[in-house]
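S.K.: Below you'll find query16.pdb; it's PDB, C-alpha atoms and all ligand atoms.
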ATOM      1  CA  MET A  12     126.026 112.974  93.479
ATOM      2  CA  ASN A  13     127.451 110.034  91.544
ATOM      3  CA  ALA A  14     124.727 109.535  88.904
ATOM      4  CA  PHE A  15     123.681 106.040  87.849
ATOM      5  CA  VAL A  16     121.006 107.326  85.471
ATOM      6  CA  ALA A  17     121.688 110.723  83.916
ATOM      7  CA  LEU A  18     119.680 112.476  81.226
ATOM      8  CA  LYS A  19     121.080 115.791  80.079
ATOM      9  CA  ASP A  20     119.073 118.231  77.960
ATOM     10  CA  VAL A  21     117.203 115.417  76.213
ATOM     11  CA  THR A  22     114.649 116.126  73.483
ATOM     12  CA  HIS A  23     112.689 113.387  71.751
ATOM     13  CA  ALA A  24     109.908 113.333  69.154
ATOM     14  CA  TYR A  25     108.333 110.186  67.763
ATOM     15  CA  GLY A  26     109.125 109.748  64.075
ATOM     16  CA  SER A  27     105.716 108.375  63.163
ATOM     17  CA  GLY A  28     103.879 110.910  65.353
ATOM     18  CA  ASP A  29     103.049 114.580  64.784
ATOM     19  CA  GLY A  30     106.677 115.721  65.116
ATOM     20  CA  PHE A  31     105.879 117.746  68.261
ATOM     21  CA  PRO A  32     108.390 116.678  70.948
ATOM     22  CA  ALA A  33     107.210 114.277  73.642
ATOM     23  CA  VAL A  34     109.988 115.519  75.963
ATOM     24  CA  GLU A  35     112.161 118.621  75.598
ATOM     25  CA  HIS A  36     115.281 119.815  77.489
ATOM     26  CA  LEU A  37     114.719 117.021  79.969
ATOM     27  CA  SER A  38     117.505 116.616  82.541
ATOM     28  CA  LEU A  39     117.609 114.457  85.633
ATOM     29  CA  SER A  40     120.085 112.532  87.701
ATOM     30  CA  ILE A  41     119.517 109.459  89.866
ATOM     31  CA  ALA A  42     122.189 107.994  92.161
ATOM     32  CA  GLU A  43     123.069 104.304  92.325
ATOM     33  CA  GLY A  44     120.726 102.455  94.675
ATOM     34  CA  GLU A  45     118.330 105.382  94.850
ATOM     35  CA  PHE A  46     114.553 104.893  94.569
ATOM     36  CA  ALA A  47     113.276 107.616  92.217
ATOM     37  CA  ALA A  48     109.686 108.345  91.244
ATOM     38  CA  VAL A  49     108.429 110.344  88.266
ATOM     39  CA  VAL A  50     105.028 112.027  88.411
ATOM     40  CA  GLY A  51     103.297 114.406  86.033
ATOM     41  CA  PRO A  52     100.157 115.127  84.048
ATOM     42  CA  SER A  53      98.814 112.505  81.659
ATOM     43  CA  GLY A  54     100.694 112.356  78.358
ATOM     44  CA  CYS A  55     103.637 114.438  79.625
ATOM     45  CA  GLY A  56     106.242 111.906  78.509
ATOM     46  CA  LYS A  57     106.798 109.693  81.574
ATOM     47  CA  SER A  58     106.778 106.451  79.588
ATOM     48  CA  THR A  59     108.928 108.116  76.931
ATOM     49  CA  LEU A  60     111.482 108.881  79.643
ATOM     50  CA  MET A  61     111.507 105.159  80.588
ATOM     51  CA  LYS A  62     111.953 104.111  76.950
ATOM     52  CA  LEU A  63     114.841 106.560  76.547
ATOM     53  CA  ALA A  64     116.560 105.407  79.751
ATOM     54  CA  THR A  65     116.419 101.781  78.619
ATOM     55  CA  GLY A  66     117.459 102.295  74.994
ATOM     56  CA  LEU A  67     114.086 101.382  73.499
ATOM     57  CA  GLN A  68     114.005 104.879  71.931
ATOM     58  CA  PHE A  69     116.918 107.183  71.123
ATOM     59  CA  PRO A  70     116.725 110.947  71.638
ATOM     60  CA  ARG A  71     116.823 113.558  68.922
ATOM     61  CA  ALA A  72     119.140 115.656  71.120
ATOM     62  CA  GLY A  73     120.892 115.401  74.470
ATOM     63  CA  THR A  74     122.805 112.655  76.254
ATOM     64  CA  ILE A  75     121.729 109.655  78.310
ATOM     65  CA  LEU A  76     124.082 107.686  80.549
ATOM     66  CA  VAL A  77     123.201 104.547  82.500
ATOM     67  CA  GLY A  78     125.830 103.030  84.775
ATOM     68  CA  GLY A  79     128.320 105.566  83.409
ATOM     69  CA  ALA A  80     127.937 104.405  79.780
ATOM     70  CA  PRO A  81     126.059 106.158  76.956
ATOM     71  CA  VAL A  82     122.843 104.359  76.023
ATOM     72  CA  THR A  83     123.301 103.153  72.431
ATOM     73  CA  GLN A  84     121.255  99.941  72.564
ATOM     74  CA  PRO A  85     118.655  98.297  74.821
ATOM     75  CA  VAL A  86     120.102  98.397  78.331
ATOM     76  CA  ARG A  87     120.839  94.867  79.562
ATOM     77  CA  ILE A  88     121.236  95.758  83.210
ATOM     78  CA  ALA A  89     117.590  96.887  83.344
ATOM     79  CA  GLY A  90     114.450  95.003  84.365
ATOM     80  CA  MET A  91     110.974  96.336  83.668
ATOM     81  CA  ALA A  92     107.422  95.877  84.904
ATOM     82  CA  PHE A  93     104.354  97.617  83.491
ATOM     83  CA  GLN A  94     100.736  98.265  84.445
ATOM     84  CA  ASN A  95      99.561  95.153  82.600
ATOM     85  CA  PRO A  96     101.574  92.183  83.775
ATOM     86  CA  THR A  97     101.947  90.769  80.181
ATOM     87  CA  LEU A  98     102.674  87.226  81.335
ATOM     88  CA  LEU A  99     102.487  84.679  78.512
ATOM     89  CA  PRO A 100      99.259  82.685  79.062
ATOM     90  CA  TRP A 101     100.623  79.435  77.625
ATOM     91  CA  ARG A 102     103.525  79.349  80.093
ATOM     92  CA  THR A 103     103.280  78.576  83.778
ATOM     93  CA  THR A 104     104.233  81.340  86.207
ATOM     94  CA  LEU A 105     107.633  79.724  86.772
ATOM     95  CA  GLU A 106     108.244  79.432  83.013
ATOM     96  CA  ASN A 107     107.282  83.097  82.665
ATOM     97  CA  LEU A 108     109.885  84.015  85.255
ATOM     98  CA  LEU A 109     112.573  82.090  83.384
ATOM     99  CA  LEU A 110     111.804  83.915  80.110
ATOM    100  CA  PRO A 111     114.339  86.785  80.475
ATOM    101  CA  LEU A 112     117.029  84.196  81.216
ATOM    102  CA  GLU A 113     116.358  82.594  77.815
ATOM    103  CA  ILE A 114     117.210  85.945  76.215
ATOM    104  CA  VAL A 115     119.795  87.776  78.369
ATOM    105  CA  GLU A 116     123.432  86.627  78.428
ATOM    106  CA  PRO A 117     125.255  85.167  80.342
ATOM    107  CA  HIS A 118     122.163  83.355  81.639
ATOM    108  CA  ARG A 119     121.104  82.225  78.182
ATOM    109  CA  SER A 120     124.158  80.003  77.692
ATOM    110  CA  ARG A 121     123.991  78.694  81.266
ATOM    111  CA  LEU A 122     120.260  77.997  81.503
ATOM    112  CA  LYS A 123     120.314  74.471  80.065
ATOM    113  CA  ARG A 124     123.215  73.305  82.240
ATOM    114  CA  GLU A 125     122.153  75.104  85.404
ATOM    115  CA  ARG A 126     118.388  74.961  85.101
ATOM    116  CA  GLY A 127     118.014  73.517  88.615
ATOM    117  CA  SER A 128     119.693  76.453  90.317
ATOM    118  CA  TYR A 129     117.782  78.987  88.185
ATOM    119  CA  VAL A 130     114.489  77.290  89.069
ATOM    120  CA  ALA A 131     115.462  77.386  92.760
ATOM    121  CA  LYS A 132     116.226  81.115  92.424
ATOM    122  CA  ALA A 133     112.854  81.752  90.739
ATOM    123  CA  GLU A 134     111.076  79.839  93.504
ATOM    124  CA  ARG A 135     112.888  81.855  96.174
ATOM    125  CA  LEU A 136     111.787  85.085  94.493
ATOM    126  CA  LEU A 137     108.184  83.859  94.272
ATOM    127  CA  ALA A 138     108.261  83.052  97.990
ATOM    128  CA  GLN A 139     109.666  86.507  98.740
ATOM    129  CA  VAL A 140     106.695  88.233  97.069
ATOM    130  CA  GLY A 141     104.123  85.952  98.732
ATOM    131  CA  LEU A 142     103.677  83.453  95.876
ATOM    132  CA  LYS A 143     105.301  80.427  97.491
ATOM    133  CA  GLY A 144     104.372  77.225  95.641
ATOM    134  CA  GLN A 145     102.385  79.057  92.922
ATOM    135  CA  GLY A 146     104.970  78.623  90.146
ATOM    136  CA  GLY A 147     103.092  75.734  88.495
ATOM    137  CA  LYS A 148      99.950  77.822  87.957
ATOM    138  CA  TYR A 149      99.156  79.552  84.673
ATOM    139  CA  PRO A 150      98.777  83.357  84.764
ATOM    140  CA  TRP A 151      95.028  83.075  84.150
ATOM    141  CA  GLU A 152      94.750  81.055  87.366
ATOM    142  CA  LEU A 153      96.172  84.006  89.354
ATOM    143  CA  SER A 154      94.448  87.198  90.564
ATOM    144  CA  GLY A 155      95.550  90.574  89.153
ATOM    145  CA  GLY A 156      97.640  91.263  92.252
ATOM    146  CA  MET A 157      99.297  87.840  92.037
ATOM    147  CA  GLN A 158     100.076  88.385  88.362
ATOM    148  CA  GLN A 159     101.677  91.715  89.201
ATOM    149  CA  ARG A 160     103.806  90.044  91.894
ATOM    150  CA  ALA A 161     104.911  87.439  89.338
ATOM    151  CA  SER A 162     105.659  90.198  86.860
ATOM    152  CA  LEU A 163     107.897  91.897  89.459
ATOM    153  CA  CYS A 164     109.756  88.608  89.936
ATOM    154  CA  ARG A 165     110.243  88.304  86.190
ATOM    155  CA  ALA A 166     111.701  91.817  86.083
ATOM    156  CA  LEU A 167     114.151  90.886  88.864
ATOM    157  CA  ILE A 168     115.179  87.349  87.914
ATOM    158  CA  HIS A 169     118.347  88.407  86.071
ATOM    159  CA  GLU A 170     119.321  90.642  89.029
ATOM    160  CA  PRO A 171     119.158  93.946  87.156
ATOM    161  CA  ARG A 172     121.003  96.922  88.628
ATOM    162  CA  LEU A 173     118.219  99.163  87.339
ATOM    163  CA  LEU A 174     114.512  98.415  87.787
ATOM    164  CA  LEU A 175     111.924 100.426  85.850
ATOM    165  CA  LEU A 176     108.339 100.314  87.000
ATOM    166  CA  ASP A 177     105.748 101.998  84.780
ATOM    167  CA  GLU A 178     102.450 102.325  86.703
ATOM    168  CA  PRO A 179     102.889  98.756  87.976
ATOM    169  CA  PHE A 180     100.097  98.933  90.547
ATOM    170  CA  GLY A 181      97.684 101.094  88.544
ATOM    171  CA  ALA A 182      95.086  98.423  87.895
ATOM    172  CA  LEU A 183      94.902  97.097  91.463
ATOM    173  CA  ASP A 184      92.557  97.840  94.354
ATOM    174  CA  ALA A 185      93.829 100.097  97.158
ATOM    175  CA  PHE A 186      94.611  97.293  99.645
ATOM    176  CA  THR A 187      96.490  95.107  97.153
ATOM    177  CA  ARG A 188      98.346  98.180  95.993
ATOM    178  CA  GLU A 189      99.554  98.983  99.484
ATOM    179  CA  GLU A 190     100.590  95.350  99.998
ATOM    180  CA  LEU A 191     102.662  95.569  96.832
ATOM    181  CA  TRP A 192     104.241  98.856  97.938
ATOM    182  CA  CYS A 193     105.616  96.898 100.893
ATOM    183  CA  VAL A 194     106.807  94.077  98.627
ATOM    184  CA  ILE A 195     108.742  96.480  96.411
ATOM    185  CA  ARG A 196     110.028  98.404  99.454
ATOM    186  CA  ASP A 197     111.475  95.163 100.867
ATOM    187  CA  LEU A 198     112.958  94.033  97.539
ATOM    188  CA  HIS A 199     114.692  97.403  97.170
ATOM    189  CA  ALA A 200     115.990  97.289 100.758
ATOM    190  CA  GLU A 201     117.448  93.836 100.176
ATOM    191  CA  ARG A 202     118.908  94.258  96.685
ATOM    192  CA  ARG A 203     119.736  97.968  96.644
ATOM    193  CA  MET A 204     119.114  98.226  92.883
ATOM    194  CA  THR A 205     118.354 101.654  91.422
ATOM    195  CA  VAL A 206     114.594 102.015  90.854
ATOM    196  CA  VAL A 207     112.656 104.417  88.636
ATOM    197  CA  LEU A 208     108.918 104.323  89.273
ATOM    198  CA  VAL A 209     106.436 106.144  87.041
ATOM    199  CA  THR A 210     103.141 106.687  88.813
ATOM    200  CA  HIS A 211     100.025 108.857  88.935
ATOM    201  CA  ASP A 212      99.641 108.052  92.617
ATOM    202  CA  LEU A 213     101.354 110.739  94.702
ATOM    203  CA  ARG A 214     101.000 108.721  97.949
ATOM    204  CA  GLU A 215     102.717 105.813  96.239
ATOM    205  CA  ALA A 216     105.579 108.042  95.086
ATOM    206  CA  THR A 217     105.953 109.603  98.544
ATOM    207  CA  PHE A 218     105.859 106.277 100.380
ATOM    208  CA  LEU A 219     108.394 104.540  98.158
ATOM    209  CA  ALA A 220     110.785 107.129  96.774
ATOM    210  CA  ASP A 221     113.928 108.865  98.002
ATOM    211  CA  ARG A 222     113.511 111.505  95.298
ATOM    212  CA  ILE A 223     110.474 112.542  93.245
ATOM    213  CA  PHE A 224     110.667 114.282  89.875
ATOM    214  CA  CYS A 225     107.628 116.277  88.714
ATOM    215  CA  MET A 226     107.250 116.742  84.969
ATOM    216  CA  SER A 227     105.619 119.568  83.033
ATOM    217  CA  ALA A 228     102.836 118.925  80.532
ATOM    218  CA  ARG A 229     103.980 117.805  77.072
ATOM    219  CA  PRO A 230     106.681 118.406  75.985
ATOM    220  CA  GLY A 231     107.839 117.000  79.310
ATOM    221  CA  ARG A 232     110.750 118.318  81.314
ATOM    222  CA  ILE A 233     111.463 118.313  85.047
ATOM    223  CA  VAL A 234     109.809 121.272  86.821
ATOM    224  CA  ALA A 235     110.377 120.198  90.430
ATOM    225  CA  GLU A 236     112.497 117.728  92.357
ATOM    226  CA  ARG A 237     111.526 116.676  95.892
ATOM    227  CA  VAL A 238     113.725 114.673  98.264
ATOM    228  CA  VAL A 239     111.747 112.428 100.630
ATOM    229  CA  ASP A 240     113.834 111.695 103.684
ATOM    230  CA  PHE A 241     111.541 109.658 105.923
ATOM    231  CA  PRO A 242     113.759 107.047 107.583
ATOM    232  CA  ARG A 243     113.718 103.505 106.216
ATOM    233  CA  PRO A 244     112.278 100.953 106.594
ATOM    234  CA  ARG A 245     109.043 102.902 106.205
ATOM    235  CA  ASP A 246     105.817 101.578 107.592
ATOM    236  CA  LEU A 247     102.401 102.310 106.030
ATOM    237  CA  GLU A 248     101.642 104.303 109.191
ATOM    238  CA  VAL A 249     103.870 107.078 107.822
ATOM    239  CA  THR A 250     101.249 107.769 105.124
ATOM    240  CA  TYR A 251      98.918 109.166 107.827
ATOM    241  CA  THR A 252     101.417 111.668 109.242
ATOM    242  CA  LYS A 253     101.223 115.412 108.596
ATOM    243  CA  ALA A 254     104.707 115.519 107.091
ATOM    244  CA  PHE A 255     103.675 112.881 104.538
ATOM    245  CA  ILE A 256     100.383 114.557 103.667
ATOM    246  CA  ASP A 257     102.202 117.899 103.253
ATOM    247  CA  ILE A 258     104.511 116.383 100.631
ATOM    248  CA  VAL A 259     101.536 114.889  98.758
ATOM    249  CA  HIS A 260      99.876 118.349  98.732
ATOM    250  CA  GLU A 261     103.064 119.978  97.535
ATOM    251  CA  LEU A 262     103.322 117.488  94.633
ATOM    252  CA  ARG A 263      99.652 117.963  93.796
ATOM    253  CA  GLY A 264     100.350 121.711  93.543
ATOM    254  CA  HIS A 265     103.189 121.136  91.055
ATOM    255  CA  ILE A 266     101.000 118.930  88.890
ATOM    256  CA  ALA A 267      98.052 121.328  89.018
ATOM    257  CA  ASP A 268     100.401 124.130  87.850
ATOM    258  CA  ALA A 269     101.783 121.911  85.077
ATOM    259  CA  ARG A 270      98.242 121.142  83.876
ATOM    260  CA  LYS A 271      97.323 124.848  83.869
ATOM    261  CA  THR A 272     100.263 125.752  81.643
ATOM    262  CA  ALA A 273      99.476 122.891  79.206
TER
HETATM  263  N1  LIG B 301     104.900 105.494  69.655
HETATM  264  C1  LIG B 301     104.445 106.759  69.633
HETATM  265  N2  LIG B 301     104.262 107.416  68.470
HETATM  266  C2  LIG B 301     103.823 108.698  68.459
HETATM  267  N3  LIG B 301     103.557 109.420  69.563
HETATM  268  C3  LIG B 301     103.718 108.817  70.752
HETATM  269  C4  LIG B 301     104.164 107.451  70.859
HETATM  270  N4  LIG B 301     104.230 107.132  72.174
HETATM  271  C5  LIG B 301     103.841 108.227  72.856
HETATM  272  N5  LIG B 301     103.538 109.232  72.007
HETATM  273  C6  LIG B 301     103.084 110.583  72.395
HETATM  274  O1  LIG B 301     104.097 111.183  73.199
HETATM  275  C7  LIG B 301     103.504 111.878  74.318
HETATM  276  C8  LIG B 301     104.080 111.319  75.618
HETATM  277  O2  LIG B 301     103.616 109.969  75.769
HETATM  278  P1  LIG B 301     103.988 109.075  77.030
HETATM  279  O3  LIG B 301     103.336 107.741  76.851
HETATM  280  O4  LIG B 301     105.442 109.115  77.243
HETATM  281  O5  LIG B 301     103.265 109.903  78.204
HETATM  282  P2  LIG B 301     102.898 109.474  79.701
HETATM  283  O6  LIG B 301     103.256 110.643  80.545
HETATM  284  O7  LIG B 301     103.525 108.177  80.025
HETATM  285  O8  LIG B 301     101.313 109.327  79.584
HETATM  286  P3  LIG B 301     100.265 108.687  80.630
HETATM  287  O9  LIG B 301     100.452 109.407  81.923
HETATM  288  O10 LIG B 301      98.935 109.002  80.008
HETATM  289  O11 LIG B 301     100.572 107.221  80.695
HETATM  290  C9  LIG B 301     102.008 111.687  74.217
HETATM  291  O12 LIG B 301     101.421 112.859  73.694
HETATM  292  C10 LIG B 301     101.835 110.510  73.274
HETATM  293  O13 LIG B 301     100.672 110.654  72.484
END
Mind turning this structure into structure tokens?
M.R.:
Amino acid sequence: MNAFVALKDVTHAYGSGDGFPAVEHLSLSIAEGEFAAVVGPSGCGKSTLMKLATGLQFPRAGTILVGGAPVTQPVRIAGMAFQNPTLLPWRTTLENLLLPLEIVEPHRSRLKRERGSYVAKAERLLAQVGLKGQGGKYPWELSGGMQQRASLCRALIHEPRLLLLDEPFGALDAFTREELWCVIRDLHAERRMTVVLVTHDLREATFLADRIFCMSARPGRIVAERVVDFPRPRDLEVTYTKAFIDIVHELRGHIADARKTA
């Protein structure tokens, strides 16, 4: 497999913490365009893995490559969305979407001259996630689900080759969650970016991912890797099939074992 994200024997401990590693001997490999999910017991180091893969933290030992290059600084080709949408309340939704473009080159130098085309791009993205015409609203005028859709758009506006999603649907009700699974499924199908999704929801991982990594309890490392080969595009109906439920049970077993050995 030609790896787009590769972590090899990575160990990391937080300097200001208790010195006990958050992840240890962690290795994984994700191909370009693949949709990967990471599941594991609470506190096992899933968010740490995301921070390491994007250059927000640097490991004590081991190597990390993204797009074939060692990670030595924050990774520019990455976009991120988290559980809390973190939209700036004093900016409209559209202005929130444009924020990464004010920071990331080459967009930063082009934004003033080409604002019209960037705004058109942001509006197209909003329409794609079901927020057509909502760009003028402030985040506090949007529901939680709408804010999360906007947050996804913001993560994608600079067309990242790598999208990191850390529990992005965690705070939403079951129906909105499933709607957003379909939104992210369609965005991935269209753009073919590499996605890493951290989630506690095993159905979510199984519905969306091509490959699921299960982590041990802290210090986290990969204890199981499961390929999910349901054909795409996947419909929500697949979540009611025996094959799907079997995978969810299998993953639950891995996590139960990981919790026991904690
Ligand atoms: N900035 C920090 N300083 C010190 N320790 C930290 C820091 N961030 C995380 N940790 C510790 O590292 C371990 C892994 O944390 P991390 O947030 O990566 O886990 P997680 O699997 O994402 O957790 P959860 O599933 O609860 O969201 C935890 O024990 C946590 O307390």
S.K.: With distances taken over only C-alpha atoms and all ligand atoms, which residue among A:Leu110, A:Val259, A:Val209, A:Ala64 lies nearest ligand LIG 301 (chain B)?
M.R.: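 Nearest candidate to ligand LIG 301 (chain B) out of A:Leu110, A:Val259, A:Val209, A:Ala64: A:Val209.
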S.K.: Can I get the residues of chain A within 7 Å of ligand LIG 301 (chain B), each with the closest pair of atoms and their distance in Å to one decimal, using all atoms listed in the file, sorted chain first then ascending number, as JSON lines?
M.R.:
{"residue": "A:Tyr25", "atom": "CA", "partner": "B:LIG301", "partner_atom": "C2", "distance": 4.8}
{"residue": "A:Gly26", "atom": "CA", "partner": "B:LIG301", "partner_atom": "N2", "distance": 7.0}
{"residue": "A:Ser27", "atom": "CA", "partner": "B:LIG301", "partner_atom": "N2", "distance": 5.6}
{"residue": "A:Gly28", "atom": "CA", "partner": "B:LIG301", "partner_atom": "C2", "distance": 3.8}
{"residue": "A:Asp29", "atom": "CA", "partner": "B:LIG301", "partner_atom": "C2", "distance": 7.0}
{"residue": "A:Ala33", "atom": "CA", "partner": "B:LIG301", "partner_atom": "O1", "distance": 4.4}
{"residue": "A:Gly51", "atom": "CA", "partner": "B:LIG301", "partner_atom": "O6", "distance": 6.7}
{"residue": "A:Pro52", "atom": "CA", "partner": "B:LIG301", "partner_atom": "O9", "distance": 6.1}
{"residue": "A:Ser53", "atom": "CA", "partner": "B:LIG301", "partner_atom": "O9", "distance": 3.5}
{"residue": "A:Gly54", "atom": "CA", "partner": "B:LIG301", "partner_atom": "O8", "distance": 3.3}
{"residue": "A:Cys55", "atom": "CA", "partner": "B:LIG301", "partner_atom": "O6", "distance": 3.9}
{"residue": "A:Gly56", "atom": "CA", "partner": "B:LIG301", "partner_atom": "O4", "distance": 3.2}
{"residue": "A:Lys57", "atom": "CA", "partner": "B:LIG301", "partner_atom": "O6", "distance": 3.8}
{"residue": "A:Ser58", "atom": "CA", "partner": "B:LIG301", "partner_atom": "O7", "distance": 3.7}
{"residue": "A:Thr59", "atom": "CA", "partner": "B:LIG301", "partner_atom": "O4", "distance": 3.6}
{"residue": "A:Leu60", "atom": "CA", "partner": "B:LIG301", "partner_atom": "O4", "distance": 6.5}
{"residue": "A:Arg229", "atom": "CA", "partner": "B:LIG301", "partner_atom": "O12", "distance": 6.5}
S.K.: On this structure, which residues satisfy the PyMOL selection byres (((chain A and resi 158) around 12) and not hetatm), written as JSON, numbers by chain?
M.R.: {"A": [92, 93, 94, 95, 96, 97, 98, 99, 100, 103, 104, 105, 107, 108, 137, 140, 141, 142, 145, 146, 148, 149, 150, 151, 152, 153, 154, 155, 156, 157, 159, 160, 161, 162, 163, 164, 165, 179, 180, 182, 183, 187, 191]}
S.K.: Do you know which residues the PyMOL selection byres (((chain A and resi 221) around 6) and not hetatm) returns on this file, as a PyMOL selection string?
M.R.: chain A and resi 46-47+220+222+238-239
S.K.: Figure out the distance between atom CA of A:Val206 and atom CA of A:Thr252, please, to one decimal in Å.
M.R.: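 These two atoms are separated by 24.6 Å.
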S.K.: Could you tell me how far atom CA of A:Ala228 sits from atom CA of A:Thr65, in Å to one decimal place?
M.R.: 22.0 Å
S.K.: Find the residue from A:Leu198, A:Leu76, A:Ile256, A:Leu176 that sits nearest to A:Leu136; use all atoms listed in the file when measuring.
M.R.: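 Counting all atoms listed in the file, the residue closest to A:Leu136 is A:Leu198.
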